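Single-structure report; data block below.
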Amino acid sequence: MSKESSHAVRTTDLHRVVVIVDANSNPFELSCAIEVFGLPRPELGRDLYDFRLCSPEPRTLMRDGFFTLTGVAGLEAADTADTLIVPNRPDTDVPRRPAVLDAVRRAHARGARLIGFCSGAFTLAEAGVLDGRRATAHWQWADSFRARFPSVRLEPDVLFVDDGDILTAAGSAAALDLGLHVVRRDHGAEVANSVSRRLVFAAHRDGGQRQFVERPMPDVPDESLAPVLAWAQERLDSPLTVSDLAARASVSAATLHRRFRAQLGTTPLAWLTGERLTLARRLIERGESRFETVARRTGLGSAANLRALMRRETGITPSAYKRRFGPEAG
């Protein structure tokens, strides 16, 4: 473990991400946090975050005793976090350590961003910071979560929930989805795409948990959508319609809708709009300031349509996005 992780002294002006690791924590989600927030980014020419691990104890036995974590900062490091990632454990019925819950409450009170991966939603809910808020958790624990925390607005069918200053991810791999979403929110689509390429992981996965819930296998498995998706991504500047996608896939529009719903959890039109907006963000980040040109090159038609859809998707206008993520930002 890097010596830099073993102290809480701030040595940089970068946004600090701190992960609390507690007894029986899951190694996979910890690794996801390290991969997304903790690694140097020589391919970008700069680091994105100041990353720390901390634990209530000098020695932390990880899930099922796989290994023991040592040499990380004490729990006081949580008080220096701009973003605090809370512990997630498989033993969701076991109460969290009071000192950890207090650290979560302090972080929330001072305005830090909170993130829970998988069963981390239980930690946030037990700390009381999710009351009246939106959140998600792994589908296997949805019923028990609702029973224990009825005041939380659980959304069990999505991969992650961004509720502003509190974000939660559904399951193990969804930690990567949420991590990349946070990078996209902090640094823009171009940087998030670079991180996703290094991870060899999709920058954005459509759909939600319903595609992973155990269910009987269909008599005839759906054919892969990959060829038609790749074909459409190369032609986003064209006036593609759902009928065009269906014709390319050699199926009816109704069949195409069923396949999109089954495999991606979304509609063909919603997927196409999302791909166009992703391309629009990348063009703006690369310096294209003529929004009519951005709209034309992405198939969104007009600058007015670009503004409306981008505000709906990101909460900000193209002009504001350019100021925040364009070549001259920061």
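The chains in the structure tokens are called A, B, ... from first to last as shown; in each chain the residues are counted from 1, and the ligands are counted from 1 in the order shown.
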
Report task. Skip Ser224 of chain A itself and residues of its chain fewer than 2 positions away, then list as number ranges by chain all residues within 9 Å of it, counting only C-alpha atoms. Result -> A: 222, 226-228, 259, 263

File of the preceding selection, C-alpha atoms, as an mmCIF file, in the first residue's frame:
data_model
loop_
_atom_site.group_PDB
_atom_site.id
_atom_site.type_symbol
_atom_site.label_atom_id
_atom_site.label_comp_id
_atom_site.auth_asym_id
_atom_site.auth_seq_id
_atom_site.Cartn_x
_atom_site.Cartn_y
_atom_site.Cartn_z
ATOM 1 C CA ASP A 222 -32.419 -12.241 -28.172
ATOM 2 C CA ALA A 226 -24.020 -4.812 -31.055
ATOM 3 C CA PRO A 227 -23.886 -4.656 -34.888
ATOM 4 C CA VAL A 228 -26.744 -2.190 -35.229
ATOM 5 C CA ARG A 259 -34.819 -6.135 -27.888
ATOM 6 C CA GLN A 263 -30.997 -5.975 -23.457
#

Counting only C-alpha atoms, which residues in segment 74-115 of chain A sit no more than 6 Å from segment 161-177 of chain A? For each one, give the nearest pair of atoms and the distance in Å, sorted by chain then residue number, as a Markdown table.
| residue | atom | partner | partner_atom | distance |
| --- | --- | --- | --- | --- |
| A:Arg113 | CA | A:Asp165 | CA | 4.7 |
| A:Leu114 | CA | A:Ile166 | CA | 4.7 |
| A:Ile115 | CA | A:Leu167 | CA | 4.8 |

Atoms kept (N, CA and C atoms) for selection, written as an mmCIF file, in the first residue's frame:
data_model
loop_
_atom_site.group_PDB
_atom_site.id
_atom_site.type_symbol
_atom_site.label_atom_id
_atom_site.label_comp_id
_atom_site.auth_asym_id
_atom_site.auth_seq_id
_atom_site.Cartn_x
_atom_site.Cartn_y
_atom_site.Cartn_z
ATOM 1 N N ARG A 113 -19.488 15.340 -0.496
ATOM 2 C CA ARG A 113 -20.277 14.423 -1.326
ATOM 3 C C ARG A 113 -20.118 13.011 -0.780
ATOM 4 N N LEU A 114 -21.206 12.263 -0.711
ATOM 5 C CA LEU A 114 -21.192 10.906 -0.173
ATOM 6 C C LEU A 114 -21.511 9.920 -1.273
ATOM 7 N N ILE A 115 -20.785 8.788 -1.288
ATOM 8 C CA ILE A 115 -20.993 7.742 -2.278
ATOM 9 C C ILE A 115 -21.092 6.395 -1.571
#

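Taking only segment 115-261 of chain A, the residues that DSSP calls strand (DSSP E or B) from the backbone come to A:Ile115, A:Gly116, A:Phe117, A:Arg134, A:Ala135, A:Arg153, A:Leu154, A:Phe160, A:Val161, A:Asp162, A:Ile166, A:Leu167, A:Thr168, A:Ala169.
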
Would you mind exporting N, CA, C and O atoms of the selected residues as a PDB file, in the first residue's frame?
ATOM      1  N   ILE A 115     -20.785   8.788  -1.288  1.00  0.00           N
ATOM      2  CA  ILE A 115     -20.993   7.742  -2.278  1.00  0.00           C
ATOM      3  C   ILE A 115     -21.092   6.395  -1.571  1.00  0.00           C
ATOM      4  O   ILE A 115     -20.264   6.065  -0.718  1.00  0.00           O
ATOM      5  N   GLY A 116     -22.100   5.629  -1.960  1.00  0.00           N
ATOM      6  CA  GLY A 116     -22.241   4.264  -1.460  1.00  0.00           C
ATOM      7  C   GLY A 116     -22.273   3.295  -2.613  1.00  0.00           C
ATOM      8  O   GLY A 116     -23.109   3.429  -3.511  1.00  0.00           O
ATOM      9  N   PHE A 117     -21.362   2.348  -2.629  1.00  0.00           N
ATOM     10  CA  PHE A 117     -21.352   1.297  -3.643  1.00  0.00           C
ATOM     11  C   PHE A 117     -22.067   0.072  -3.089  1.00  0.00           C
ATOM     12  O   PHE A 117     -21.754  -0.394  -1.994  1.00  0.00           O
ATOM     13  N   ARG A 134     -33.444   9.848  -2.595  1.00  0.00           N
ATOM     14  CA  ARG A 134     -33.429   8.768  -3.567  1.00  0.00           C
ATOM     15  C   ARG A 134     -32.141   7.970  -3.421  1.00  0.00           C
ATOM     16  O   ARG A 134     -31.074   8.531  -3.180  1.00  0.00           O
ATOM     17  N   ALA A 135     -32.232   6.648  -3.599  1.00  0.00           N
ATOM     18  CA  ALA A 135     -31.049   5.792  -3.511  1.00  0.00           C
ATOM     19  C   ALA A 135     -31.341   4.476  -4.204  1.00  0.00           C
ATOM     20  O   ALA A 135     -32.490   4.147  -4.512  1.00  0.00           O
ATOM     21  N   ARG A 153     -36.289   6.634  -0.474  1.00  0.00           N
ATOM     22  CA  ARG A 153     -36.977   6.389  -1.754  1.00  0.00           C
ATOM     23  C   ARG A 153     -36.095   5.467  -2.603  1.00  0.00           C
ATOM     24  O   ARG A 153     -35.323   5.925  -3.439  1.00  0.00           O
ATOM     25  N   LEU A 154     -36.228   4.178  -2.383  1.00  0.00           N
ATOM     26  CA  LEU A 154     -35.385   3.208  -3.074  1.00  0.00           C
ATOM     27  C   LEU A 154     -35.810   3.047  -4.534  1.00  0.00           C
ATOM     28  O   LEU A 154     -36.999   2.895  -4.831  1.00  0.00           O
ATOM     29  N   PHE A 160     -27.400   3.136 -10.945  1.00  0.00           N
ATOM     30  CA  PHE A 160     -26.967   4.063  -9.896  1.00  0.00           C
ATOM     31  C   PHE A 160     -27.947   5.213  -9.808  1.00  0.00           C
ATOM     32  O   PHE A 160     -28.732   5.455 -10.728  1.00  0.00           O
ATOM     33  N   VAL A 161     -27.897   5.922  -8.676  1.00  0.00           N
ATOM     34  CA  VAL A 161     -28.726   7.104  -8.458  1.00  0.00           C
ATOM     35  C   VAL A 161     -27.818   8.266  -8.084  1.00  0.00           C
ATOM     36  O   VAL A 161     -26.993   8.149  -7.167  1.00  0.00           O
ATOM     37  N   ASP A 162     -27.972   9.368  -8.806  1.00  0.00           N
ATOM     38  CA  ASP A 162     -27.278  10.618  -8.483  1.00  0.00           C
ATOM     39  C   ASP A 162     -28.315  11.545  -7.871  1.00  0.00           C
ATOM     40  O   ASP A 162     -29.162  12.093  -8.579  1.00  0.00           O
ATOM     41  N   ILE A 166     -25.452  13.021  -2.653  1.00  0.00           N
ATOM     42  CA  ILE A 166     -25.397  11.621  -2.234  1.00  0.00           C
ATOM     43  C   ILE A 166     -25.655  10.750  -3.449  1.00  0.00           C
ATOM     44  O   ILE A 166     -26.676  10.900  -4.133  1.00  0.00           O
ATOM     45  N   LEU A 167     -24.729   9.835  -3.736  1.00  0.00           N
ATOM     46  CA  LEU A 167     -24.843   8.968  -4.903  1.00  0.00           C
ATOM     47  C   LEU A 167     -24.689   7.519  -4.458  1.00  0.00           C
ATOM     48  O   LEU A 167     -23.848   7.210  -3.601  1.00  0.00           O
ATOM     49  N   THR A 168     -25.484   6.645  -5.053  1.00  0.00           N
ATOM     50  CA  THR A 168     -25.436   5.231  -4.688  1.00  0.00           C
ATOM     51  C   THR A 168     -25.412   4.383  -5.951  1.00  0.00           C
ATOM     52  O   THR A 168     -26.027   4.736  -6.957  1.00  0.00           O
ATOM     53  N   ALA A 169     -24.688   3.256  -5.890  1.00  0.00           N
ATOM     54  CA  ALA A 169     -24.591   2.320  -7.011  1.00  0.00           C
ATOM     55  C   ALA A 169     -25.197   0.993  -6.594  1.00  0.00           C
ATOM     56  O   ALA A 169     -25.115   0.585  -5.432  1.00  0.00           O
TER      57      ALA A 169
END

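Excluding segment 191-199 of chain A itself and any same-chain residue fewer than 4 positions from it, the protein and nucleic acid residues within 9 Å of it, counting only C-alpha atoms, are A:Glu35, A:Val36, A:Arg41, A:Glu43, A:Leu44, A:Leu176, A:Leu180, A:His181, A:Val182, A:Val183, A:Arg184, A:Arg185, A:His187, A:Ala203, A:His204.
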
Output N, CA, C and O atoms for every residue in the selection just made, as a CSV table (one decimal), in the first residue's frame.
chain,number,residue,atom,x,y,z
A,35,GLU,N,-9.2,2.2,-8.8
A,35,GLU,CA,-9.0,2.3,-10.3
A,35,GLU,C,-9.6,3.6,-10.9
A,35,GLU,O,-8.9,4.2,-11.7
A,36,VAL,N,-10.7,4.0,-10.4
A,36,VAL,CA,-11.3,5.2,-11.0
A,36,VAL,C,-10.7,6.5,-10.4
A,36,VAL,O,-10.4,7.4,-11.1
A,41,ARG,N,-2.8,9.6,-13.9
A,41,ARG,CA,-3.4,9.7,-15.2
A,41,ARG,C,-2.3,10.3,-16.2
A,41,ARG,O,-2.5,11.4,-16.7
A,43,GLU,N,-1.8,9.6,-19.2
A,43,GLU,CA,-2.4,9.7,-20.5
A,43,GLU,C,-3.1,11.1,-20.6
A,43,GLU,O,-3.3,11.6,-21.7
A,44,LEU,N,-3.5,11.6,-19.5
A,44,LEU,CA,-4.2,13.0,-19.5
A,44,LEU,C,-3.2,14.1,-19.1
A,44,LEU,O,-3.6,15.3,-19.3
A,176,LEU,N,-18.3,0.8,-11.0
A,176,LEU,CA,-17.6,1.4,-12.1
A,176,LEU,C,-18.5,2.4,-12.9
A,176,LEU,O,-18.1,3.5,-13.3
A,180,LEU,N,-17.5,6.3,-13.1
A,180,LEU,CA,-17.3,7.0,-14.3
A,180,LEU,C,-18.3,8.2,-14.4
A,180,LEU,O,-17.9,9.2,-15.0
A,181,HIS,N,-19.5,8.0,-13.9
A,181,HIS,CA,-20.4,9.1,-13.9
A,181,HIS,C,-19.9,10.3,-13.1
A,181,HIS,O,-20.0,11.4,-13.5
A,182,VAL,N,-19.3,10.0,-12.0
A,182,VAL,CA,-18.7,11.0,-11.1
A,182,VAL,C,-17.6,11.8,-11.9
A,182,VAL,O,-17.5,13.0,-11.8
A,183,VAL,N,-16.7,11.0,-12.5
A,183,VAL,CA,-15.6,11.6,-13.3
A,183,VAL,C,-16.2,12.5,-14.4
A,183,VAL,O,-15.7,13.6,-14.6
A,184,ARG,N,-17.3,12.0,-15.1
A,184,ARG,CA,-17.9,12.8,-16.1
A,184,ARG,C,-18.5,14.0,-15.5
A,184,ARG,O,-18.4,15.1,-16.1
A,185,ARG,N,-19.1,14.0,-14.4
A,185,ARG,CA,-19.7,15.1,-13.7
A,185,ARG,C,-18.6,16.1,-13.3
A,185,ARG,O,-18.8,17.3,-13.4
A,187,HIS,N,-15.3,16.2,-14.5
A,187,HIS,CA,-14.2,16.6,-15.5
A,187,HIS,C,-14.7,16.5,-16.9
A,187,HIS,O,-13.9,16.9,-17.8
A,203,ALA,N,-18.1,3.5,-21.1
A,203,ALA,CA,-18.3,4.8,-20.4
A,203,ALA,C,-19.6,5.0,-19.9
A,203,ALA,O,-19.9,5.7,-18.9
A,204,HIS,N,-20.6,4.4,-20.6
A,204,HIS,CA,-22.0,4.5,-20.1
A,204,HIS,C,-22.8,3.3,-20.5
A,204,HIS,O,-22.8,3.0,-21.7

Within 8 Å of Cys54 of chain A, counting only C-alpha atoms, which residues show up once you throw out same-chain ones fewer than 3 positions away? Write them as an mmCIF file with N, CA and C atoms, in the first residue's frame, please.
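The resulting around36.cif:
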data_model
loop_
_atom_site.group_PDB
_atom_site.id
_atom_site.type_symbol
_atom_site.label_atom_id
_atom_site.label_comp_id
_atom_site.auth_asym_id
_atom_site.auth_seq_id
_atom_site.Cartn_x
_atom_site.Cartn_y
_atom_site.Cartn_z
ATOM 1 N N SER A 5 -1.150 6.880 1.224
ATOM 2 C CA SER A 5 -2.468 6.545 1.748
ATOM 3 C C SER A 5 -2.484 6.452 3.262
ATOM 4 N N SER A 6 -1.327 6.549 3.896
ATOM 5 C CA SER A 6 -1.254 6.272 5.321
ATOM 6 C C SER A 6 -1.321 7.524 6.174
ATOM 7 N N VAL A 18 -11.911 10.124 -0.273
ATOM 8 C CA VAL A 18 -11.496 9.243 0.820
ATOM 9 C C VAL A 18 -12.460 8.061 0.883
ATOM 10 N N VAL A 19 -11.898 6.862 0.982
ATOM 11 C CA VAL A 19 -12.685 5.643 1.117
ATOM 12 C C VAL A 19 -12.517 5.105 2.532
ATOM 13 N N ILE A 20 -13.634 4.887 3.215
ATOM 14 C CA ILE A 20 -13.584 4.222 4.518
ATOM 15 C C ILE A 20 -13.658 2.713 4.298
ATOM 16 N N VAL A 21 -12.691 2.001 4.832
ATOM 17 C CA VAL A 21 -12.690 0.536 4.752
ATOM 18 C C VAL A 21 -12.922 0.007 6.165
ATOM 19 N N VAL A 72 -2.949 2.070 6.295
ATOM 20 C CA VAL A 72 -3.747 3.174 5.778
ATOM 21 C C VAL A 72 -4.029 4.156 6.906
ATOM 22 N N ALA A 73 -4.589 5.307 6.531
ATOM 23 C CA ALA A 73 -4.851 6.358 7.510
ATOM 24 C C ALA A 73 -5.921 5.938 8.498
ATOM 25 N N GLY A 74 -5.952 6.620 9.627
ATOM 26 C CA GLY A 74 -7.011 6.410 10.592
ATOM 27 C C GLY A 74 -8.293 7.078 10.136
ATOM 28 N N LEU A 75 -9.362 6.841 10.865
ATOM 29 C CA LEU A 75 -10.680 7.321 10.479
ATOM 30 C C LEU A 75 -10.747 8.849 10.420
ATOM 31 N N GLU A 76 -9.818 9.525 11.089
ATOM 32 C CA GLU A 76 -9.825 10.983 11.054
ATOM 33 C C GLU A 76 -9.633 11.534 9.641
ATOM 34 N N ALA A 77 -9.071 10.714 8.736
ATOM 35 C CA ALA A 77 -8.894 11.161 7.353
ATOM 36 C C ALA A 77 -10.229 11.428 6.676
ATOM 37 N N ALA A 78 -11.291 10.785 7.155
ATOM 38 C CA ALA A 78 -12.614 11.028 6.571
ATOM 39 C C ALA A 78 -13.046 12.476 6.732
#

Polymer residues at most 12 Å from Phe67 of chain A, only C-alpha atoms, same-chain spacing of 4 or more positions, as a compact mmCIF listing (two decimals) with C-alpha atoms, in the first residue's frame:
# COMPACT_ATOMS: atom_id res chain seq x y z
CA ALA A 23 -14.23 -4.96 8.83
CA ASN A 24 -15.60 -7.37 6.20
CA SER A 25 -15.58 -4.74 3.45
CA ASN A 26 -15.81 -5.98 -0.14
CA PRO A 27 -12.47 -5.95 -2.02
CA ARG A 59 -5.62 -3.83 10.76
CA THR A 60 -8.81 -4.44 8.77
CA LEU A 61 -9.85 -7.98 7.90
CA MET A 62 -11.50 -7.82 4.49
CA ARG A 63 -14.50 -9.88 3.37

**Report entry** One-decimal distance in Å that lies between atom CA of Val129 of chain A and atom CA of Arg97 of chain A
**Finding:**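 Value for the atom CA of Arg97 of chain A-atom CA of Val129 of chain A distance: 15.6 Å.
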
Query raised in the report: Hey, what does DSSP flag as alpha helix (DSSP H) within segment 171-306 of chain A? Can you give it to me as number ranges by chain?
Result: A: 174-187, 189-199, 226-233, 242-249, 253-264, 268-285, 291-297, 303-306

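In this model, the gap between atom CA of Val104 of chain A and atom CA of Arg16 of chain A comes to 15.2 Å.
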
Report task. Determine, counting only C-alpha atoms, which protein, DNA and RNA residues have an atom within 10 Å of an atom of segment 301-311 of chain A; residues of the same chain fewer than 2 positions away are not included. Present the result as a PyMOL selection string. Result -> chain A and resi 237-239+273-274+276-278+280-281+290-299+313-321

Go ahead and dump the residues you just picked, N, CA and C atoms, as an mmCIF file, in the first residue's frame.
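Produced file selection05.cif, reproduced below:
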data_model
loop_
_atom_site.group_PDB
_atom_site.id
_atom_site.type_symbol
_atom_site.label_atom_id
_atom_site.label_comp_id
_atom_site.auth_asym_id
_atom_site.auth_seq_id
_atom_site.Cartn_x
_atom_site.Cartn_y
_atom_site.Cartn_z
ATOM 1 N N ASP A 237 -24.505 11.736 -37.283
ATOM 2 C CA ASP A 237 -24.800 13.002 -37.942
ATOM 3 C C ASP A 237 -25.920 12.870 -38.973
ATOM 4 N N SER A 238 -26.341 11.662 -39.240
ATOM 5 C CA SER A 238 -27.414 11.423 -40.197
ATOM 6 C C SER A 238 -28.768 11.444 -39.487
ATOM 7 N N PRO A 239 -29.822 11.754 -40.198
ATOM 8 C CA PRO A 239 -31.162 11.791 -39.585
ATOM 9 C C PRO A 239 -31.725 10.389 -39.364
ATOM 10 N N THR A 273 -30.666 9.272 -28.756
ATOM 11 C CA THR A 273 -30.514 10.631 -28.222
ATOM 12 C C THR A 273 -29.349 10.706 -27.247
ATOM 13 N N GLY A 274 -29.204 9.690 -26.398
ATOM 14 C CA GLY A 274 -28.086 9.675 -25.455
ATOM 15 C C GLY A 274 -26.741 9.635 -26.151
ATOM 16 N N ARG A 276 -26.091 10.772 -29.133
ATOM 17 C CA ARG A 276 -25.885 12.067 -29.776
ATOM 18 C C ARG A 276 -25.445 13.128 -28.762
ATOM 19 N N LEU A 277 -26.016 13.091 -27.583
ATOM 20 C CA LEU A 277 -25.621 14.048 -26.548
ATOM 21 C C LEU A 277 -24.200 13.787 -26.066
ATOM 22 N N THR A 278 -23.809 12.521 -25.970
ATOM 23 C CA THR A 278 -22.434 12.207 -25.592
ATOM 24 C C THR A 278 -21.456 12.763 -26.621
ATOM 25 N N ALA A 280 -22.045 15.275 -28.619
ATOM 26 C CA ALA A 280 -22.109 16.734 -28.512
ATOM 27 C C ALA A 280 -21.212 17.237 -27.389
ATOM 28 N N ARG A 281 -21.234 16.571 -26.253
ATOM 29 C CA ARG A 281 -20.377 16.991 -25.140
ATOM 30 C C ARG A 281 -18.903 16.881 -25.516
ATOM 31 N N ARG A 290 -19.461 26.597 -31.944
ATOM 32 C CA ARG A 290 -20.616 26.916 -32.792
ATOM 33 C C ARG A 290 -21.677 25.833 -32.559
ATOM 34 N N PHE A 291 -22.659 26.155 -31.757
ATOM 35 C CA PHE A 291 -23.613 25.133 -31.326
ATOM 36 C C PHE A 291 -24.499 24.648 -32.465
ATOM 37 N N GLU A 292 -24.718 25.466 -33.471
ATOM 38 C CA GLU A 292 -25.431 24.967 -34.652
ATOM 39 C C GLU A 292 -24.622 23.859 -35.331
ATOM 40 N N THR A 293 -23.295 24.036 -35.360
ATOM 41 C CA THR A 293 -22.423 23.014 -35.935
ATOM 42 C C THR A 293 -22.455 21.743 -35.093
ATOM 43 N N VAL A 294 -22.403 21.899 -33.765
ATOM 44 C CA VAL A 294 -22.485 20.744 -32.872
ATOM 45 C C VAL A 294 -23.794 19.993 -33.106
ATOM 46 N N ALA A 295 -24.899 20.743 -33.209
ATOM 47 C CA ALA A 295 -26.199 20.108 -33.413
ATOM 48 C C ALA A 295 -26.247 19.368 -34.742
ATOM 49 N N ARG A 296 -25.668 19.969 -35.778
ATOM 50 C CA ARG A 296 -25.681 19.333 -37.097
ATOM 51 C C ARG A 296 -24.824 18.077 -37.110
ATOM 52 N N ARG A 297 -23.635 18.131 -36.511
ATOM 53 C CA ARG A 297 -22.711 17.001 -36.543
ATOM 54 C C ARG A 297 -23.171 15.843 -35.659
ATOM 55 N N THR A 298 -24.079 16.102 -34.753
ATOM 56 C CA THR A 298 -24.559 15.045 -33.856
ATOM 57 C C THR A 298 -25.968 14.577 -34.208
ATOM 58 N N GLY A 299 -26.549 15.153 -35.242
ATOM 59 C CA GLY A 299 -27.887 14.744 -35.634
ATOM 60 C C GLY A 299 -28.986 15.294 -34.757
ATOM 61 N N GLU A 313 -30.480 16.603 -19.909
ATOM 62 C CA GLU A 313 -29.557 15.512 -19.607
ATOM 63 C C GLU A 313 -28.560 15.867 -18.526
ATOM 64 N N THR A 314 -27.980 17.072 -18.592
ATOM 65 C CA THR A 314 -26.884 17.439 -17.692
ATOM 66 C C THR A 314 -27.260 18.492 -16.659
ATOM 67 N N GLY A 315 -28.404 19.159 -16.884
ATOM 68 C CA GLY A 315 -28.801 20.225 -15.966
ATOM 69 C C GLY A 315 -28.199 21.573 -16.296
ATOM 70 N N ILE A 316 -27.355 21.656 -17.323
ATOM 71 C CA ILE A 316 -26.743 22.924 -17.709
ATOM 72 C C ILE A 316 -26.841 23.112 -19.218
ATOM 73 N N THR A 317 -26.675 24.344 -19.662
ATOM 74 C CA THR A 317 -26.747 24.664 -21.083
ATOM 75 C C THR A 317 -25.428 24.335 -21.770
ATOM 76 N N PRO A 318 -25.414 24.260 -23.109
ATOM 77 C CA PRO A 318 -24.146 24.071 -23.819
ATOM 78 C C PRO A 318 -23.120 25.153 -23.496
ATOM 79 N N SER A 319 -23.560 26.395 -23.358
ATOM 80 C CA SER A 319 -22.622 27.480 -23.027
ATOM 81 C C SER A 319 -21.979 27.264 -21.665
ATOM 82 N N ALA A 320 -22.804 26.870 -20.692
ATOM 83 C CA ALA A 320 -22.261 26.604 -19.358
ATOM 84 C C ALA A 320 -21.343 25.388 -19.382
ATOM 85 N N TYR A 321 -21.706 24.377 -20.160
ATOM 86 C CA TYR A 321 -20.859 23.190 -20.286
ATOM 87 C C TYR A 321 -19.517 23.563 -20.893
#

Query raised in the report: Of the candidates A:Gly132, A:Pro56, A:Gly120, A:Pro40, which shows the shortest atom-to-atom distance to Val100 of chain A, using only C-alpha atoms?
Result: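 Closest candidate: A:Pro56.
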
Requested in this report: Please provide the set of residues having any atom within 10 Å of Ala232 of chain A, restricted to only C-alpha atoms, with same-chain residues fewer than 6 positions apart removed, written as a PyMOL selection string.
Outcome: chain A and resi 226+238+240-241+244-245+248+272+275

Requested in this report: Find the distance between atom CA of His138 of chain A and atom CA of Glu190 of chain A and write it in Å to one decimal.
Outcome: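 Interatomic distance here is 29.0 Å.
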